[in-house]
Amino acid sequence: MEGSLADPALAGFWRAVKDRLERTGLDHRGRLRVPALTSQGRFLLKGLTGAEVGATVDLALLEARLRALGAGDDLEAVLAGVGCAVSKEPARRREARRRMAEARSAARYEVAGWPEPWAGEWIDSVVRAGTLAGLDTEQAVGFIRRVRAVLSAVELGDARSRVDLAATVLASAHALDWGTREEAAVTKALEVRHDQIGRRAWEAAGVELDLVSAPVLTFGLRLSTESPLAPLVATALELRIPLHLTQMALRSHPVALAAGTDVLVVENPRVVEAAAQRGTPHPVVALNGNPSTTAVVLLEQLLAAGARLRYHGDFDASGLRICARMHRMGLVPWRMDAIDYLAALDAASGVADLPTDTHRAPPTPWDAALQETFDRERKVVHEERLLDQLLGETGSPVREG
């Protein structure tokens, strides 16, 4: 019997049985359509079933016959014996899908009791975003209740800081950090509630985000005497050290300075460091790449005070993109046109093997020729190579591209 079971003529039949059990589950029997078999295969199958082979075969009767013949306790065992073992992975995937469906259903049921009219829209977006992925029913319900507790605390104004909110409501100061499951769900709820996006949704809800860990680097700002930050800035200037200003400081004490003050805004902190080392007489602010919220707050305050902000960054696709953003804010690109780029390339010729940027330049509306020139050359000139030009000429008239 064992030899007959393993006969190659039955291989196609066993594969069909295997596929059926993997697709529908080990406990499912019913009738299986018989695949194309040779006459030898049909003869052997007739011997196993004890009946003429028709278009289908009853798997439950086949299993009973195989057990009676001593071929195995069940179809799974027989299939393993003929080298056609049933994989457990499809069953695991089905079980995972079942658990996920149950978790989503339980989450939706929990949210159904919320009073907010947008609750249904919110839970749908949470499910679509995969925020509940990996949670079983109990965990999903617990997660929804944690989110509800945070939203309720926000409504009551129980915490001004998001860190405090996380610590007091969720017992972990980092539970609402950017990128956590809870943060994603609460942010989405606040976005729907306040019709704002991201940080602005939290701020609209009256919750302050991190106000101290992402400061903006400055040197040489000369604030007016009525600015509470003036003594701090003046001391740093006297000591010739760069000063980090936090969002907390800027929001509590907005900067004030003489209208028309020239301020150089740069992409990289090394420029500010060099300005302090050289005692550069003109204020310099570093964005450190894409500007943080703190940097944007400072720039907005400087512009509101009437300062004249000039911007310089790296000559690469990313740097030009940042420059375009600064241009839209009202800063004047400085030494950032096609002529300056070609001059920087010429200065590096024979001295350094400049890296090549694989990305195309974004639009450069302050100087359309720059986009075309950069796309042709594709050579990167980092701002740090231009320290002498930047710090030696910051008092020169602004040359707009």
# chains A, B, ... in the order shown; residues from 1 in each chain; ligands from 1

$ closest_atom_pairs --of "stretch 291-368 of chain A" --to "stretch 236-257 of chain A" --cutoff "12 Å" --atoms "only C-alpha atoms" --output "tab-separated table"
residue	atom	partner	partner_atom	distance
A:Ser292	CA	A:Gln247	CA	9.8
A:Thr293	CA	A:Gln247	CA	7.8
A:Thr294	CA	A:Gln247	CA	4.9
A:Ala295	CA	A:Gln247	CA	8.2
A:Val296	CA	A:Gln247	CA	9.6
A:Val297	CA	A:Leu250	CA	7.3
A:Leu298	CA	A:Leu250	CA	6.9
A:Leu299	CA	A:Val255	CA	9.9
A:Glu300	CA	A:Pro254	CA	9.9
A:Gln301	CA	A:Val255	CA	6.3
A:Leu302	CA	A:Val255	CA	7.0
A:Leu303	CA	A:Ala256	CA	10.0
A:Ala304	CA	A:Ala256	CA	8.8
A:Ala305	CA	A:Ala256	CA	6.0
A:Gly306	CA	A:Leu257	CA	8.1
A:Ala307	CA	A:Leu257	CA	7.5
A:Arg308	CA	A:Leu257	CA	11.0

$ write_last_selection --atoms "all heavy atoms" --output "compact mmCIF listing (two decimals), in the first residue's frame"
# COMPACT_ATOMS: atom_id res chain seq x y z
N SER A 292 13.84 73.54 11.50
CA SER A 292 12.93 73.03 12.52
C SER A 292 11.86 74.07 12.80
O SER A 292 11.94 75.23 12.34
CB SER A 292 13.70 72.73 13.81
OG SER A 292 14.22 73.95 14.35
N THR A 293 10.87 73.69 13.58
CA THR A 293 9.84 74.65 13.97
C THR A 293 10.45 75.83 14.71
O THR A 293 10.05 76.98 14.52
CB THR A 293 8.78 73.97 14.84
OG1 THR A 293 8.18 72.90 14.12
CG2 THR A 293 7.70 74.95 15.28
N THR A 294 11.44 75.55 15.56
CA THR A 294 12.09 76.62 16.31
C THR A 294 12.77 77.61 15.38
O THR A 294 12.66 78.83 15.55
CB THR A 294 13.14 76.02 17.27
OG1 THR A 294 12.53 75.02 18.07
CG2 THR A 294 13.71 77.10 18.18
N ALA A 295 13.47 77.08 14.35
CA ALA A 295 14.13 77.97 13.39
C ALA A 295 13.10 78.82 12.65
O ALA A 295 13.32 80.02 12.44
CB ALA A 295 14.94 77.14 12.41
N VAL A 296 11.98 78.22 12.27
CA VAL A 296 10.94 78.97 11.57
C VAL A 296 10.37 80.06 12.47
O VAL A 296 10.14 81.20 12.02
CB VAL A 296 9.82 78.02 11.09
CG1 VAL A 296 8.64 78.81 10.56
CG2 VAL A 296 10.36 77.08 10.01
N VAL A 297 10.17 79.76 13.75
CA VAL A 297 9.67 80.76 14.69
C VAL A 297 10.63 81.95 14.75
O VAL A 297 10.21 83.12 14.70
CB VAL A 297 9.48 80.15 16.09
CG1 VAL A 297 9.23 81.25 17.13
CG2 VAL A 297 8.32 79.16 16.10
N LEU A 298 11.94 81.68 14.85
CA LEU A 298 12.92 82.77 14.91
C LEU A 298 12.90 83.60 13.62
O LEU A 298 12.89 84.83 13.67
CB LEU A 298 14.31 82.20 15.14
CG LEU A 298 15.45 83.24 15.10
CD1 LEU A 298 15.24 84.30 16.17
CD2 LEU A 298 16.81 82.57 15.25
N LEU A 299 12.89 82.92 12.46
CA LEU A 299 12.88 83.65 11.20
C LEU A 299 11.64 84.53 11.07
O LEU A 299 11.71 85.68 10.62
CB LEU A 299 12.97 82.68 10.03
CG LEU A 299 14.23 81.82 9.94
CD1 LEU A 299 14.18 80.92 8.71
CD2 LEU A 299 15.49 82.68 9.91
N GLU A 300 10.50 84.00 11.47
CA GLU A 300 9.26 84.78 11.40
C GLU A 300 9.34 86.01 12.31
O GLU A 300 8.88 87.10 11.95
CB GLU A 300 8.07 83.90 11.77
CG GLU A 300 7.74 82.85 10.72
CD GLU A 300 6.63 81.92 11.15
OE1 GLU A 300 6.35 81.86 12.38
OE2 GLU A 300 6.04 81.24 10.28
N GLN A 301 9.93 85.83 13.49
CA GLN A 301 10.06 86.96 14.41
C GLN A 301 11.03 88.01 13.87
O GLN A 301 10.79 89.22 13.99
CB GLN A 301 10.50 86.47 15.79
CG GLN A 301 9.44 85.67 16.51
CD GLN A 301 9.89 85.19 17.89
OE1 GLN A 301 11.01 85.47 18.33
NE2 GLN A 301 9.01 84.46 18.57
N LEU A 302 12.12 87.56 13.26
CA LEU A 302 13.09 88.49 12.68
C LEU A 302 12.47 89.27 11.52
O LEU A 302 12.67 90.49 11.39
CB LEU A 302 14.33 87.74 12.21
CG LEU A 302 15.22 87.13 13.32
CD1 LEU A 302 16.31 86.26 12.71
CD2 LEU A 302 15.83 88.24 14.18
N LEU A 303 11.73 88.56 10.67
CA LEU A 303 11.06 89.24 9.56
C LEU A 303 10.04 90.26 10.07
O LEU A 303 9.94 91.37 9.54
CB LEU A 303 10.37 88.21 8.66
CG LEU A 303 11.29 87.35 7.79
CD1 LEU A 303 10.50 86.20 7.16
CD2 LEU A 303 11.97 88.18 6.71
N ALA A 304 9.28 89.87 11.10
CA ALA A 304 8.27 90.77 11.65
C ALA A 304 8.91 92.02 12.26
O ALA A 304 8.32 93.10 12.27
CB ALA A 304 7.44 90.04 12.71
N ALA A 305 10.15 91.86 12.75
CA ALA A 305 10.85 92.99 13.35
C ALA A 305 11.48 93.89 12.29
O ALA A 305 12.03 94.95 12.62
CB ALA A 305 11.93 92.49 14.30
N GLY A 306 11.42 93.47 11.01
CA GLY A 306 11.97 94.29 9.94
C GLY A 306 13.40 93.97 9.57
O GLY A 306 14.05 94.75 8.86
N ALA A 307 13.91 92.83 10.03
CA ALA A 307 15.28 92.44 9.68
C ALA A 307 15.34 92.07 8.20
O ALA A 307 14.34 91.64 7.61
CB ALA A 307 15.74 91.28 10.54
N ARG A 308 16.53 92.21 7.64
CA ARG A 308 16.75 91.83 6.25
C ARG A 308 17.49 90.50 6.26
O ARG A 308 18.68 90.44 6.63
CB ARG A 308 17.59 92.91 5.56
CG ARG A 308 17.58 92.80 4.05
CD ARG A 308 18.39 93.92 3.47
NE ARG A 308 18.21 94.04 2.04
CZ ARG A 308 18.98 94.76 1.26
NH1 ARG A 308 20.01 95.41 1.77
NH2 ARG A 308 18.74 94.83 -0.04

$ residues_around --residues "A:Arg94" --least-positions-apart "4" --cutoff "12 Å" --atoms "only C-alpha atoms" --output "number ranges by chain"
A: 22-26, 88-90, 98-101

$ write_last_selection --atoms "N, CA, C and O atoms" --output "mmCIF file, in the first residue's frame"
data_model
loop_
_atom_site.group_PDB
_atom_site.id
_atom_site.type_symbol
_atom_site.label_atom_id
_atom_site.label_comp_id
_atom_site.auth_asym_id
_atom_site.auth_seq_id
_atom_site.Cartn_x
_atom_site.Cartn_y
_atom_site.Cartn_z
ATOM 1 N N GLU A 22 -4.560 23.329 2.364
ATOM 2 C CA GLU A 22 -3.890 24.586 2.696
ATOM 3 C C GLU A 22 -4.817 25.770 2.470
ATOM 4 O O GLU A 22 -4.786 26.754 3.219
ATOM 5 N N ARG A 23 -5.651 25.675 1.462
ATOM 6 C CA ARG A 23 -6.530 26.780 1.118
ATOM 7 C C ARG A 23 -7.724 26.891 2.055
ATOM 8 O O ARG A 23 -8.143 27.994 2.419
ATOM 9 N N THR A 24 -8.274 25.762 2.468
ATOM 10 C CA THR A 24 -9.518 25.790 3.242
ATOM 11 C C THR A 24 -9.355 25.353 4.682
ATOM 12 O O THR A 24 -10.285 25.508 5.472
ATOM 13 N N GLY A 25 -8.197 24.786 5.022
ATOM 14 C CA GLY A 25 -7.980 24.362 6.401
ATOM 15 C C GLY A 25 -7.959 22.856 6.552
ATOM 16 O O GLY A 25 -8.605 22.127 5.793
ATOM 17 N N LEU A 26 -7.234 22.384 7.557
ATOM 18 C CA LEU A 26 -7.052 20.945 7.750
ATOM 19 C C LEU A 26 -8.344 20.239 8.132
ATOM 20 O O LEU A 26 -8.481 19.031 7.916
ATOM 21 N N LYS A 88 1.896 24.838 7.161
ATOM 22 C CA LYS A 88 1.091 25.481 8.202
ATOM 23 C C LYS A 88 0.953 26.982 7.954
ATOM 24 O O LYS A 88 0.126 27.637 8.587
ATOM 25 N N GLU A 89 1.753 27.538 7.039
ATOM 26 C CA GLU A 89 1.768 28.984 6.847
ATOM 27 C C GLU A 89 0.419 29.537 6.378
ATOM 28 O O GLU A 89 -0.033 30.567 6.905
ATOM 29 N N PRO A 90 -0.260 28.924 5.404
ATOM 30 C CA PRO A 90 -1.578 29.462 5.027
ATOM 31 C C PRO A 90 -2.562 29.499 6.182
ATOM 32 O O PRO A 90 -3.328 30.452 6.319
ATOM 33 N N ARG A 98 -8.089 36.466 10.738
ATOM 34 C CA ARG A 98 -9.277 36.355 11.589
ATOM 35 C C ARG A 98 -9.110 37.197 12.858
ATOM 36 O O ARG A 98 -10.026 37.935 13.259
ATOM 37 N N ARG A 99 -7.925 37.083 13.477
ATOM 38 C CA ARG A 99 -7.669 37.851 14.695
ATOM 39 C C ARG A 99 -7.695 39.355 14.413
ATOM 40 O O ARG A 99 -8.213 40.142 15.204
ATOM 41 N N MET A 100 -7.132 39.736 13.256
ATOM 42 C CA MET A 100 -7.110 41.152 12.893
ATOM 43 C C MET A 100 -8.526 41.665 12.681
ATOM 44 O O MET A 100 -8.881 42.764 13.122
ATOM 45 N N ALA A 101 -9.360 40.853 12.004
ATOM 46 C CA ALA A 101 -10.743 41.264 11.770
ATOM 47 C C ALA A 101 -11.489 41.410 13.095
ATOM 48 O O ALA A 101 -12.266 42.359 13.285
#

$ select_by_dssp --residues "stretch 162-298 of chain A" --states "strand (DSSP E)" --output "number ranges by chain"
A: 216-219, 243-245, 262-266, 284-286

$ select_by_dssp --residues "stretch 92-251 of chain A" --states "helix (DSSP H, G or I)" --output "ChimeraX atom specification"
/A:92-111,119-128,137-156,162-170,181-194,199-204,230-239,247-251

$ residues_around --residues "A:Asn288" --least-positions-apart "6" --cutoff "8 Å" --atoms "only C-alpha atoms" --output "number ranges by chain"
A: 266-269

$ residues_around --residues "A:Leu320" --least-positions-apart "2" --cutoff "9 Å" --atoms "only C-alpha atoms" --output "compact mmCIF listing (two decimals) with N, CA and C atoms, in the first residue's frame"
# COMPACT_ATOMS: atom_id res chain seq x y z
N GLY A 313 22.92 78.38 1.22
CA GLY A 313 22.95 76.96 1.58
C GLY A 313 23.87 76.18 0.67
N ASP A 314 23.79 74.88 0.76
CA ASP A 314 24.60 74.02 -0.10
C ASP A 314 24.12 74.10 -1.55
N PHE A 315 25.08 73.97 -2.47
CA PHE A 315 24.72 73.82 -3.87
C PHE A 315 24.54 72.33 -4.14
N ASP A 316 23.41 71.80 -3.78
CA ASP A 316 22.98 70.46 -4.17
C ASP A 316 21.46 70.50 -4.24
N ALA A 317 20.86 69.43 -4.73
CA ALA A 317 19.41 69.45 -4.93
C ALA A 317 18.67 69.74 -3.64
N SER A 318 19.11 69.11 -2.55
CA SER A 318 18.46 69.34 -1.26
C SER A 318 18.63 70.77 -0.80
N ILE A 322 15.75 73.71 0.00
CA ILE A 322 15.63 74.50 1.22
C ILE A 322 15.66 75.99 0.88
N CYS A 323 16.54 76.37 -0.04
CA CYS A 323 16.63 77.77 -0.44
C CYS A 323 15.31 78.25 -1.03
N ALA A 324 14.67 77.40 -1.82
CA ALA A 324 13.37 77.77 -2.40
C ALA A 324 12.34 77.99 -1.30
N ARG A 325 12.39 77.16 -0.27
CA ARG A 325 11.45 77.32 0.84
C ARG A 325 11.71 78.64 1.57
N MET A 336 23.65 82.83 -4.32
CA MET A 336 23.03 81.54 -4.65
C MET A 336 22.48 81.56 -6.08
N ALA A 361 17.69 69.30 -9.92
CA ALA A 361 17.44 70.50 -9.13
C ALA A 361 15.95 70.84 -9.13
N PRO A 362 15.46 71.37 -8.02
CA PRO A 362 14.07 71.87 -8.01
C PRO A 362 14.03 73.22 -8.72
N PRO A 363 12.86 73.78 -8.95
CA PRO A 363 12.78 75.12 -9.53
C PRO A 363 13.50 76.13 -8.64
N THR A 364 14.20 77.09 -9.26
CA THR A 364 14.92 78.13 -8.53
C THR A 364 14.41 79.48 -9.02
N GLN A 371 18.86 76.50 -11.88
CA GLN A 371 18.31 75.15 -12.06
C GLN A 371 18.91 74.49 -13.28

$ residues_around --residues "A:Thr187" --least-positions-apart "5" --cutoff "9 Å" --atoms "only C-alpha atoms" --output "ChimeraX atom specification"
/A:182,192,197-199,201-202

$ atom_distance --atom1 "atom CA of A:Asp164" --atom2 "atom CA of A:Leu209"
9.9 Å

$ closest_residue --among "A:Asp177, A:Glu273, A:Glu102, A:Glu116" --to "A:Leu391" --atoms "only C-alpha atoms"
A:Glu273

$ residues_around --residues "A:Ala11" --least-positions-apart "2" --cutoff "12 Å" --atoms "only C-alpha atoms" --output "list of chain:residue names"
A:Ser4, A:Leu5, A:Ala6, A:Asp7, A:Pro8, A:Ala9, A:Phe13, A:Trp14, A:Arg15, A:Ala16, A:Val17, A:Lys18, A:Val34, A:Pro35, A:Ala36, A:Leu37, A:Thr38, A:Gln40, A:Gly41, A:Arg42, A:Leu44, A:Leu45, A:Leu79, A:Val82, A:Gly83, A:Cys84

$ atom_distance --atom1 "atom CA of A:Gly289" --atom2 "atom CA of A:Arg270"
11.7 Å

$ closest_atom_pairs --of "stretch 140-165 of chain A" --to "stretch 171-176 of chain A" --cutoff "8 Å" --atoms "only C-alpha atoms" --output "tab-separated table"
residue	atom	partner	partner_atom	distance
A:Arg162	CA	A:Leu176	CA	7.0
A:Val163	CA	A:Ala173	CA	5.2
A:Asp164	CA	A:Ala173	CA	6.6
A:Leu165	CA	A:Ala173	CA	7.8

$ write_last_selection --atoms "N, CA and C atoms" --output "tab-separated table (two decimals), in the first residue's frame"
chain	number	residue	atom	x	y	z
A	162	ARG	N	2.78	67.85	25.94
A	162	ARG	CA	2.47	66.50	25.48
A	162	ARG	C	3.23	65.46	26.29
A	163	VAL	N	4.45	65.79	26.72
A	163	VAL	CA	5.21	64.87	27.55
A	163	VAL	C	4.50	64.65	28.88
A	164	ASP	N	4.03	65.74	29.49
A	164	ASP	CA	3.28	65.61	30.75
A	164	ASP	C	2.02	64.78	30.53
A	165	LEU	N	1.35	65.01	29.44
A	165	LEU	CA	0.13	64.26	29.11
A	165	LEU	C	0.43	62.77	29.02

$ atom_distance --atom1 "atom CA of A:Leu370" --atom2 "atom CA of A:Tyr341"
7.6 Å

$ closest_residue --among "A:Ala107, A:Ala274, A:Val154, A:Leu132" --to "A:Glu208" --atoms "only C-alpha atoms"
A:Val154

$ decode --residues "stretch 269-287 of chain A" --atoms "N, CA, C and O atoms" --output "tab-separated table (two decimals), in the first residue's frame"
chain	number	residue	atom	x	y	z
A	269	PRO	N	25.61	74.39	10.58
A	269	PRO	CA	26.11	74.94	11.84
A	269	PRO	C	27.58	75.36	11.79
A	269	PRO	O	28.00	76.26	12.52
A	270	ARG	N	28.39	74.72	10.93
A	270	ARG	CA	29.82	75.07	10.86
A	270	ARG	C	30.01	76.54	10.51
A	270	ARG	O	30.97	77.17	10.97
A	271	VAL	N	29.09	77.11	9.75
A	271	VAL	CA	29.24	78.52	9.39
A	271	VAL	C	29.08	79.40	10.62
A	271	VAL	O	29.83	80.38	10.80
A	272	VAL	N	28.15	79.08	11.49
A	272	VAL	CA	27.98	79.83	12.73
A	272	VAL	C	29.20	79.65	13.63
A	272	VAL	O	29.68	80.60	14.25
A	273	GLU	N	29.68	78.42	13.71
A	273	GLU	CA	30.88	78.14	14.51
A	273	GLU	C	32.05	79.00	14.02
A	273	GLU	O	32.77	79.62	14.83
A	274	ALA	N	32.24	79.04	12.70
A	274	ALA	CA	33.34	79.83	12.14
A	274	ALA	C	33.12	81.32	12.37
A	274	ALA	O	34.08	82.07	12.61
A	275	ALA	N	31.87	81.75	12.30
A	275	ALA	CA	31.58	83.16	12.55
A	275	ALA	C	31.98	83.55	13.97
A	275	ALA	O	32.55	84.64	14.20
A	276	ALA	N	31.70	82.69	14.94
A	276	ALA	CA	32.09	82.96	16.32
A	276	ALA	C	33.61	82.95	16.47
A	276	ALA	O	34.19	83.81	17.17
A	277	GLN	N	34.28	82.01	15.84
A	277	GLN	CA	35.74	81.94	15.92
A	277	GLN	C	36.40	83.16	15.33
A	277	GLN	O	37.44	83.63	15.81
A	278	ARG	N	35.83	83.70	14.27
A	278	ARG	CA	36.42	84.85	13.59
A	278	ARG	C	35.92	86.18	14.14
A	278	ARG	O	36.43	87.24	13.78
A	279	GLY	N	34.90	86.12	15.01
A	279	GLY	CA	34.33	87.36	15.52
A	279	GLY	C	33.61	88.15	14.45
A	279	GLY	O	33.65	89.38	14.44
A	280	THR	N	32.94	87.46	13.56
A	280	THR	CA	32.21	88.11	12.47
A	280	THR	C	31.24	89.15	13.05
A	280	THR	O	30.47	88.83	13.96
A	281	PRO	N	31.26	90.37	12.54
A	281	PRO	CA	30.44	91.43	13.14
A	281	PRO	C	28.96	91.38	12.77
A	281	PRO	O	28.19	92.20	13.28
A	282	HIS	N	28.57	90.48	11.90
A	282	HIS	CA	27.17	90.44	11.45
A	282	HIS	C	26.48	89.19	12.00
A	282	HIS	O	27.09	88.11	12.08
A	283	PRO	N	25.22	89.29	12.36
A	283	PRO	CA	24.49	88.13	12.92
A	283	PRO	C	24.39	86.99	11.90
A	283	PRO	O	24.20	87.21	10.71
A	284	VAL	N	24.51	85.76	12.43
A	284	VAL	CA	24.40	84.56	11.60
A	284	VAL	C	23.49	83.56	12.31
A	284	VAL	O	23.61	83.35	13.52
A	285	VAL	N	22.60	82.94	11.55
A	285	VAL	CA	21.68	81.92	12.07
A	285	VAL	C	21.82	80.68	11.22
A	285	VAL	O	21.86	80.77	9.99
A	286	ALA	N	21.93	79.50	11.84
A	286	ALA	CA	22.04	78.23	11.10
A	286	ALA	C	20.75	77.43	11.24
A	286	ALA	O	20.24	77.24	12.34
A	287	LEU	N	20.26	76.93	10.10
A	287	LEU	CA	19.05	76.11	10.11
A	287	LEU	C	19.34	74.66	10.42
A	287	LEU	O	18.46	73.91	10.82
